[in-house]
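File shown here: model03.cif, holding mmCIF, C-alpha atoms.
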```cif
data_target
loop_
_atom_site.group_PDB
_atom_site.id
_atom_site.type_symbol
_atom_site.label_atom_id
_atom_site.label_comp_id
_atom_site.auth_asym_id
_atom_site.auth_seq_id
_atom_site.Cartn_x
_atom_site.Cartn_y
_atom_site.Cartn_z
ATOM 1 C CA MET A 1 98.770 119.340 188.362
ATOM 2 C CA LEU A 2 98.687 115.542 188.059
ATOM 3 C CA GLN A 3 102.367 115.081 188.962
ATOM 4 C CA PRO A 4 101.841 114.824 192.767
ATOM 5 C CA TYR A 5 99.180 112.138 192.137
ATOM 6 C CA TYR A 6 101.505 110.103 189.879
ATOM 7 C CA ASP A 7 104.340 110.463 192.411
ATOM 8 C CA HIS A 8 102.036 109.168 195.145
ATOM 9 C CA VAL A 9 100.908 106.183 193.030
ATOM 10 C CA HIS A 10 104.534 105.406 192.140
ATOM 11 C CA LYS A 11 105.521 105.493 195.841
ATOM 12 C CA GLN A 12 102.572 103.213 196.727
ATOM 13 C CA ASN A 13 103.573 100.704 194.024
ATOM 14 C CA GLU A 14 107.186 100.753 195.235
ATOM 15 C CA LEU A 15 106.053 100.133 198.811
ATOM 16 C CA GLU A 16 103.749 97.290 197.767
ATOM 17 C CA ALA A 17 106.559 95.658 195.744
ATOM 18 C CA LEU A 18 108.844 95.869 198.805
ATOM 19 C CA GLU A 19 106.149 94.416 201.084
ATOM 20 C CA ILE A 20 105.559 91.496 198.700
ATOM 21 C CA GLN A 21 109.303 90.863 198.511
ATOM 22 C CA LEU A 22 109.538 90.773 202.333
ATOM 23 C CA LEU A 23 106.477 88.507 202.605
ATOM 24 C CA LEU A 24 107.906 85.987 200.121
ATOM 25 C CA GLU A 25 111.358 86.129 201.737
ATOM 26 C CA GLY A 26 109.783 85.540 205.159
ATOM 27 C CA LEU A 27 107.786 82.552 203.860
ATOM 28 C CA PHE A 28 110.919 81.053 202.366
ATOM 29 C CA ARG A 29 113.226 81.643 205.338
ATOM 30 C CA TYR A 30 110.786 80.639 208.047
ATOM 31 C CA TYR A 31 108.767 77.856 206.382
ATOM 32 C CA GLY A 32 110.817 76.864 203.315
ATOM 33 C CA PHE A 33 108.032 77.677 200.827
ATOM 34 C CA ASP A 34 109.572 79.460 197.847
ATOM 35 C CA PHE A 35 107.257 81.700 195.795
ATOM 36 C CA ARG A 36 109.964 84.242 194.977
ATOM 37 C CA ASP A 37 110.098 83.283 191.292
ATOM 38 C CA TYR A 38 106.379 82.959 190.666
ATOM 39 C CA ALA A 39 104.930 85.230 187.952
ATOM 40 C CA LEU A 40 104.267 88.499 189.772
ATOM 41 C CA ALA A 41 100.912 89.555 188.273
ATOM 42 C CA SER A 42 98.962 86.406 189.248
ATOM 43 C CA LEU A 43 100.847 86.152 192.555
ATOM 44 C CA LYS A 44 99.887 89.715 193.501
ATOM 45 C CA ARG A 45 96.246 89.029 192.665
ATOM 46 C CA ARG A 46 96.166 85.940 194.905
ATOM 47 C CA ILE A 47 97.952 87.751 197.765
ATOM 48 C CA TRP A 48 95.306 90.476 197.711
ATOM 49 C CA ASN A 49 92.510 87.877 197.607
ATOM 50 C CA THR A 50 93.920 86.479 200.874
ATOM 51 C CA ILE A 51 94.319 89.956 202.399
ATOM 52 C CA ARG A 52 90.613 90.645 201.762
ATOM 53 C CA ALA A 53 89.532 87.190 202.971
ATOM 54 C CA GLU A 54 91.507 87.670 206.206
ATOM 55 C CA LYS A 55 89.962 91.157 206.630
ATOM 56 C CA LEU A 56 93.373 92.840 206.590
ATOM 57 C CA SER A 57 94.417 96.044 204.874
ATOM 58 C CA SER A 58 98.034 95.552 203.756
ATOM 59 C CA VAL A 59 100.636 93.026 202.606
ATOM 60 C CA SER A 60 102.623 93.742 205.799
ATOM 61 C CA GLY A 61 99.551 92.872 207.873
ATOM 62 C CA LEU A 62 99.320 89.555 206.038
ATOM 63 C CA GLN A 63 103.023 88.883 206.594
ATOM 64 C CA GLU A 64 102.637 89.308 210.354
ATOM 65 C CA LYS A 65 99.598 87.039 210.502
ATOM 66 C CA VAL A 66 101.096 84.327 208.256
ATOM 67 C CA LEU A 67 104.307 84.168 210.320
ATOM 68 C CA HIS A 68 102.462 83.893 213.653
ATOM 69 C CA ASP A 69 99.277 81.960 212.802
ATOM 70 C CA PRO A 70 99.683 78.447 211.281
ATOM 71 C CA ALA A 71 95.970 78.288 210.352
ATOM 72 C CA CYS A 72 96.335 81.512 208.377
ATOM 73 C CA LEU A 73 99.417 80.046 206.657
ATOM 74 C CA GLU A 74 97.366 77.008 205.535
ATOM 75 C CA ARG A 75 94.631 79.224 204.123
ATOM 76 C CA PHE A 76 97.224 81.418 202.410
ATOM 77 C CA LEU A 77 99.016 78.441 200.808
ATOM 78 C CA LEU A 78 95.698 77.125 199.547
ATOM 79 C CA GLY A 79 95.049 80.500 197.931
ATOM 80 C CA LEU A 80 98.555 80.757 196.484
ATOM 81 C CA SER A 81 98.703 77.333 194.864
ATOM 82 C CA VAL A 82 96.501 77.295 191.795
ATOM 83 C CA ASN A 83 94.183 74.309 192.028
ATOM 84 C CA VAL A 84 92.316 74.452 188.742
ATOM 85 C CA THR A 85 91.804 70.864 187.681
ATOM 86 C CA ALA A 86 89.231 68.356 186.440
ATOM 87 C CA MET A 87 88.896 64.684 185.557
ATOM 88 C CA PHE A 88 90.207 64.097 182.010
ATOM 89 C CA ARG A 89 90.860 67.825 181.653
ATOM 90 C CA ASP A 90 91.476 68.603 177.960
ATOM 91 C CA PRO A 91 90.085 65.241 176.725
ATOM 92 C CA SER A 92 92.056 65.434 173.465
ATOM 93 C CA PHE A 93 95.279 65.243 175.516
ATOM 94 C CA TYR A 94 94.218 61.851 176.932
ATOM 95 C CA LEU A 95 93.102 60.698 173.485
ATOM 96 C CA ALA A 96 96.566 61.547 172.126
ATOM 97 C CA PHE A 97 98.167 59.847 175.157
ATOM 98 C CA ARG A 98 96.225 56.647 174.421
ATOM 99 C CA SER A 99 97.207 56.555 170.763
ATOM 100 C CA LYS A 100 100.789 57.867 170.879
ATOM 101 C CA VAL A 101 102.209 57.125 174.331
ATOM 102 C CA VAL A 102 100.484 53.902 175.435
ATOM 103 C CA PRO A 103 102.021 51.822 172.573
ATOM 104 C CA LEU A 104 105.487 52.929 173.773
ATOM 105 C CA LEU A 105 104.644 52.079 177.400
ATOM 106 C CA ARG A 106 103.569 48.557 176.418
ATOM 107 C CA THR A 107 107.231 47.804 175.690
ATOM 108 C CA TYR A 108 108.281 48.465 179.317
ATOM 109 C CA PRO A 109 108.174 45.741 181.999
ATOM 110 C CA PHE A 110 107.487 48.424 184.648
ATOM 111 C CA ILE A 111 106.246 51.992 184.172
ATOM 112 C CA ARG A 112 106.994 54.936 186.468
ATOM 113 C CA ILE A 113 104.835 58.046 186.037
ATOM 114 C CA TRP A 114 105.351 61.346 187.862
ATOM 115 C CA HIS A 115 102.410 63.725 188.092
ATOM 116 C CA ALA A 116 104.132 66.950 189.201
ATOM 117 C CA GLY A 117 101.836 69.589 190.700
ATOM 118 C CA CYS A 118 98.927 67.139 190.996
ATOM 119 C CA SER A 119 96.631 69.501 192.925
ATOM 120 C CA THR A 120 93.503 67.740 194.298
ATOM 121 C CA GLY A 121 94.181 64.614 192.241
ATOM 122 C CA GLU A 122 91.478 64.537 189.560
ATOM 123 C CA GLU A 123 94.029 64.162 186.768
ATOM 124 C CA VAL A 124 95.942 61.492 188.709
ATOM 125 C CA TYR A 125 92.822 59.322 188.965
ATOM 126 C CA SER A 126 92.161 60.014 185.270
ATOM 127 C CA MET A 127 95.573 58.561 184.410
ATOM 128 C CA ALA A 128 95.010 55.566 186.704
ATOM 129 C CA ILE A 129 91.704 54.853 184.915
ATOM 130 C CA LEU A 130 93.321 55.218 181.490
ATOM 131 C CA MET A 131 96.186 52.894 182.426
ATOM 132 C CA GLU A 132 93.745 50.313 183.807
ATOM 133 C CA GLU A 133 91.666 50.395 180.629
ATOM 134 C CA GLU A 134 94.817 49.891 178.565
ATOM 135 C CA GLY A 135 95.780 46.870 180.712
ATOM 136 C CA LEU A 136 98.914 48.571 182.095
ATOM 137 C CA TYR A 137 97.939 49.705 185.594
ATOM 138 C CA HIS A 138 99.171 46.515 187.291
ATOM 139 C CA ARG A 139 102.743 47.249 186.171
ATOM 140 C CA CYS A 140 102.735 50.959 186.787
ATOM 141 C CA ARG A 141 103.511 53.261 189.722
ATOM 142 C CA ILE A 142 102.166 56.808 189.725
ATOM 143 C CA TYR A 143 103.931 59.368 191.928
ATOM 144 C CA ALA A 144 101.540 62.260 192.555
ATOM 145 C CA THR A 145 103.209 65.292 194.127
ATOM 146 C CA ASP A 146 102.241 68.792 195.143
ATOM 147 C CA MET A 147 103.774 71.374 197.472
ATOM 148 C CA ASN A 148 100.462 71.829 199.294
ATOM 149 C CA GLU A 149 99.657 69.312 202.025
ATOM 150 C CA LEU A 150 95.964 70.301 202.145
ATOM 151 C CA VAL A 151 95.302 69.517 198.485
ATOM 152 C CA LEU A 152 97.311 66.290 198.769
ATOM 153 C CA ARG A 153 95.040 65.173 201.610
ATOM 154 C CA LYS A 154 92.024 65.738 199.377
ATOM 155 C CA ALA A 155 93.724 63.906 196.501
ATOM 156 C CA LYS A 156 94.529 60.930 198.722
ATOM 157 C CA ALA A 157 90.901 60.668 199.848
ATOM 158 C CA GLY A 158 89.637 60.317 196.271
ATOM 159 C CA ILE A 159 86.275 61.885 197.132
ATOM 160 C CA PHE A 160 84.829 64.502 194.801
ATOM 161 C CA SER A 161 81.533 66.334 194.475
ATOM 162 C CA LEU A 162 78.826 64.249 192.801
ATOM 163 C CA GLU A 163 77.546 67.256 190.902
ATOM 164 C CA LEU A 164 80.807 67.369 188.924
ATOM 165 C CA MET A 165 80.394 63.811 187.637
ATOM 166 C CA GLN A 166 78.127 64.672 184.708
ATOM 167 C CA GLY A 167 80.777 66.996 183.250
ATOM 168 C CA TYR A 168 83.562 64.529 184.077
ATOM 169 C CA THR A 169 81.647 61.736 182.326
ATOM 170 C CA GLN A 170 81.564 63.837 179.141
ATOM 171 C CA HIS A 171 85.331 64.468 179.431
ATOM 172 C CA TYR A 172 85.936 60.746 179.998
ATOM 173 C CA LEU A 173 83.943 59.724 176.902
ATOM 174 C CA ARG A 174 85.684 62.335 174.728
ATOM 175 C CA ALA A 175 89.037 61.080 176.081
ATOM 176 C CA GLY A 176 88.315 57.639 174.615
ATOM 177 C CA GLY A 177 86.838 56.057 177.769
ATOM 178 C CA LYS A 178 85.930 52.406 177.275
ATOM 179 C CA LYS A 179 83.436 51.746 180.059
ATOM 180 C CA SER A 180 80.647 53.453 181.929
ATOM 181 C CA PHE A 181 82.380 56.161 184.014
ATOM 182 C CA SER A 182 80.102 55.459 187.000
ATOM 183 C CA GLU A 183 81.799 52.041 187.373
ATOM 184 C CA TYR A 184 84.784 53.850 188.867
ATOM 185 C CA TYR A 185 83.031 55.457 191.816
ATOM 186 C CA THR A 186 80.297 54.945 194.395
ATOM 187 C CA ALA A 187 77.759 57.698 194.987
ATOM 188 C CA ALA A 188 77.235 58.488 198.665
ATOM 189 C CA TYR A 189 75.129 61.491 199.710
ATOM 190 C CA GLU A 190 76.557 64.355 197.626
ATOM 191 C CA ASN A 191 79.932 62.735 196.980
ATOM 192 C CA ALA A 192 81.522 60.403 194.458
ATOM 193 C CA ILE A 193 83.965 58.060 196.216
ATOM 194 C CA PHE A 194 86.458 56.609 193.762
ATOM 195 C CA ARG A 195 87.343 52.908 193.873
ATOM 196 C CA SER A 196 90.147 52.176 196.322
ATOM 197 C CA SER A 197 91.753 49.826 193.752
ATOM 198 C CA LEU A 198 92.608 52.941 191.686
ATOM 199 C CA LYS A 199 94.822 54.111 194.571
ATOM 200 C CA GLU A 200 96.793 50.878 194.909
ATOM 201 C CA ASN A 201 99.648 52.017 192.668
ATOM 202 C CA ILE A 202 99.568 55.749 193.480
ATOM 203 C CA ILE A 203 102.020 57.354 195.916
ATOM 204 C CA PHE A 204 100.944 60.814 197.091
ATOM 205 C CA SER A 205 103.809 62.912 198.418
ATOM 206 C CA GLN A 206 104.811 66.499 199.144
ATOM 207 C CA HIS A 207 107.303 67.946 196.651
ATOM 208 C CA ASN A 208 108.047 71.576 195.838
ATOM 209 C CA LEU A 209 109.155 72.199 192.243
ATOM 210 C CA ALA A 210 110.727 75.505 193.276
ATOM 211 C CA THR A 211 113.114 74.035 195.859
ATOM 212 C CA ASP A 212 113.205 70.205 195.773
ATOM 213 C CA GLY A 213 115.344 67.989 193.560
ATOM 214 C CA SER A 214 114.818 64.868 191.474
ATOM 215 C CA PHE A 215 113.803 61.743 193.397
ATOM 216 C CA ASN A 216 113.555 59.015 190.739
ATOM 217 C CA GLU A 217 113.828 58.253 187.035
ATOM 218 C CA PHE A 218 110.501 58.249 185.203
ATOM 219 C CA ASN A 219 109.109 56.914 181.928
ATOM 220 C CA VAL A 220 106.396 59.598 181.894
ATOM 221 C CA ILE A 221 106.264 63.022 183.553
ATOM 222 C CA LEU A 222 103.080 65.092 183.468
ATOM 223 C CA CYS A 223 103.504 68.717 184.536
ATOM 224 C CA ARG A 224 100.487 70.375 182.987
ATOM 225 C CA ASN A 225 99.317 73.936 183.583
ATOM 226 C CA VAL A 226 101.920 74.497 186.316
ATOM 227 C CA LEU A 227 104.777 76.289 184.541
ATOM 228 C CA ILE A 228 102.548 79.163 183.368
ATOM 229 C CA TYR A 229 102.521 80.465 186.958
ATOM 230 C CA PHE A 230 106.345 80.694 187.147
ATOM 231 C CA ASN A 231 108.703 83.387 185.887
ATOM 232 C CA GLN A 232 111.426 82.481 183.385
ATOM 233 C CA THR A 233 114.084 81.747 186.030
ATOM 234 C CA LEU A 234 111.862 79.221 187.802
ATOM 235 C CA GLN A 235 110.592 77.753 184.522
ATOM 236 C CA GLU A 236 114.186 77.016 183.513
ATOM 237 C CA ARG A 237 114.907 75.418 186.900
ATOM 238 C CA VAL A 238 111.835 73.186 186.605
ATOM 239 C CA HIS A 239 112.588 72.225 182.981
ATOM 240 C CA LYS A 240 116.071 71.144 184.108
ATOM 241 C CA LEU A 241 114.542 69.102 186.948
ATOM 242 C CA LEU A 242 112.027 67.418 184.601
ATOM 243 C CA TYR A 243 114.732 66.662 182.031
ATOM 244 C CA GLU A 244 117.006 65.128 184.675
ATOM 245 C CA SER A 245 114.108 63.058 186.052
ATOM 246 C CA LEU A 246 113.059 61.622 182.695
ATOM 247 C CA SER A 247 114.586 58.411 181.359
ATOM 248 C CA ARG A 248 115.942 58.348 177.800
ATOM 249 C CA PHE A 249 112.946 58.027 175.427
ATOM 250 C CA GLY A 250 110.669 58.981 178.326
ATOM 251 C CA VAL A 251 107.606 61.136 177.622
ATOM 252 C CA LEU A 252 106.899 64.644 178.935
ATOM 253 C CA GLY A 253 103.374 66.078 178.903
ATOM 254 C CA LEU A 254 102.875 69.843 179.311
ATOM 255 C CA GLY A 255 99.772 72.043 179.421
ATOM 256 C CA ARG A 256 98.098 73.752 176.461
ATOM 257 C CA GLN A 257 99.747 77.135 177.028
ATOM 258 C CA GLU A 258 103.164 75.671 177.829
ATOM 259 C CA SER A 259 105.991 74.802 175.492
ATOM 260 C CA LEU A 260 109.561 73.545 175.260
ATOM 261 C CA LYS A 261 110.374 76.307 172.788
ATOM 262 C CA PHE A 262 113.310 78.501 173.876
ATOM 263 C CA THR A 263 114.027 76.320 176.925
ATOM 264 C CA PRO A 264 117.615 75.093 177.500
ATOM 265 C CA HIS A 265 116.549 71.493 176.785
ATOM 266 C CA GLU A 266 114.449 72.043 173.653
ATOM 267 C CA GLN A 267 116.918 70.172 171.431
ATOM 268 C CA HIS A 268 116.781 67.086 173.665
ATOM 269 C CA TYR A 269 113.140 66.345 172.813
ATOM 270 C CA GLU A 270 111.092 65.388 169.766
ATOM 271 C CA ALA A 271 107.382 66.158 169.543
ATOM 272 C CA LEU A 272 105.041 63.164 169.667
ATOM 273 C CA ASP A 273 102.071 65.505 169.389
ATOM 274 C CA LYS A 274 102.777 69.236 169.015
ATOM 275 C CA ARG A 275 99.188 70.335 169.608
ATOM 276 C CA GLU A 276 98.784 68.303 172.805
ATOM 277 C CA LYS A 277 102.296 69.161 174.026
ATOM 278 C CA LEU A 278 103.536 65.567 174.275
ATOM 279 C CA TYR A 279 107.299 65.249 173.866
ATOM 280 C CA ARG A 280 109.776 62.384 173.928
ATOM 281 C CA ARG A 281 113.252 62.773 175.365
ATOM 282 C CA VAL A 282 115.802 61.714 172.731
ATOM 283 C CA GLY A 283 119.011 63.279 174.065
#
```

Represent the structure contained in this file as structure tokens.
Amino acid sequence: MLQPYYDHVHKQNELEALEIQLLLEGLFRYYGFDFRDYALASLKRRIWNTIRAEKLSSVSGLQEKVLHDPACLERFLLGLSVNVTAMFRDPSFYLAFRSKVVPLLRTYPFIRIWHAGCSTGEEVYSMAILMEEEGLYHRCRIYATDMNELVLRKAKAGIFSLELMQGYTQHYLRAGGKKSFSEYYTAAYENAIFRSSLKENIIFSQHNLATDGSFNEFNVILCRNVLIYFNQTLQERVHKLLYESLSRFGVLGLGRQESLKFTPHEQHYEALDKREKLYRRVG
């Protein structure tokens, strides 16, 4: 009795999978945005969030709108790129960075840092503050990249909601902050505007980890909480890109749920801090 129902559900799932495949192929061919190797479960969830927000009823309907309406494309990209971030997110990571990475960086005359998948920039400003407090910001250049132009614009502005500052202050103090956090921003209406001097050595630029290549050699690469949204094929591509972009003895920082285990380059790194996912390239 239930067989016709299961057959119908199976057909619907097959059709949805085909529609998603066509949508992603269309995005790649027409705009150059490549989501084809993103982890399917979270991708599907975000596609349907956009479908509902746009008051549509199918993936095919979204494909038509995205290909013909640039404003819809912007909204869709914003929904597809995961922008979960915070100032000094995972404070213990920054504490470990201060104690285990900063001493190594002191030995360099000039320091290049790449923040890959920087989202709206909170963690980029966190690193700028940390480097300033350690007396290294003046000889450092931070390259902050993301595939999404909208979030990059927000990152470049350096303006965040004032109501978040209480939580960010707690993160900052737990991350080993050395000053009063409010020294780094000016409160205006409901916003916190971060000091323009923090931006002096930051370059914000569009870069897509799925399709773009290496563009410099770095002493530090931070790619935290990005790889978890990719399937294994794309993870391997990105690990290769990060490895090729890191100087010998350079430091790679990954997110809590990410690891170098079972990646093609695992043997080329040693762990500086296993818990905080800080690794040093040795090969």

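Each of A:Arg281, A:Asn219, A:Gly213, A:Ala175 was compared to Ile113 in chain A using all atoms listed in the file, and A:Asn219 turns out to be the nearest.
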
Name the residues that the PyMOL selection byres ((chain A and resi 142-154) around 8) picks from the file above, as number ranges by chain, using the file's chain letters and numbers. A: 74, 77-78, 81, 112-121, 124, 128, 140-141, 155-159, 201-209

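Picture a line from CA of Met87 in chain A to CA of Val226 in chain A; it runs 16.3 Å.
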
Once the PyMOL selection byres ((chain A and resi 90) around 12) is applied to the coordinates I shared, what remains selected? I want it as an NGL selection string. :A and (85-89 or 91-97 or 123 or 126 or 168 or 170-176 or 224-225 or 254-257 or 275-277)

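You can rank A:Glu258, A:Glu64, A:Glu266, A:Glu190 by their closest distance to Leu27 in chain A using all atoms listed in the file, and at the top of that list sits A:Glu64.
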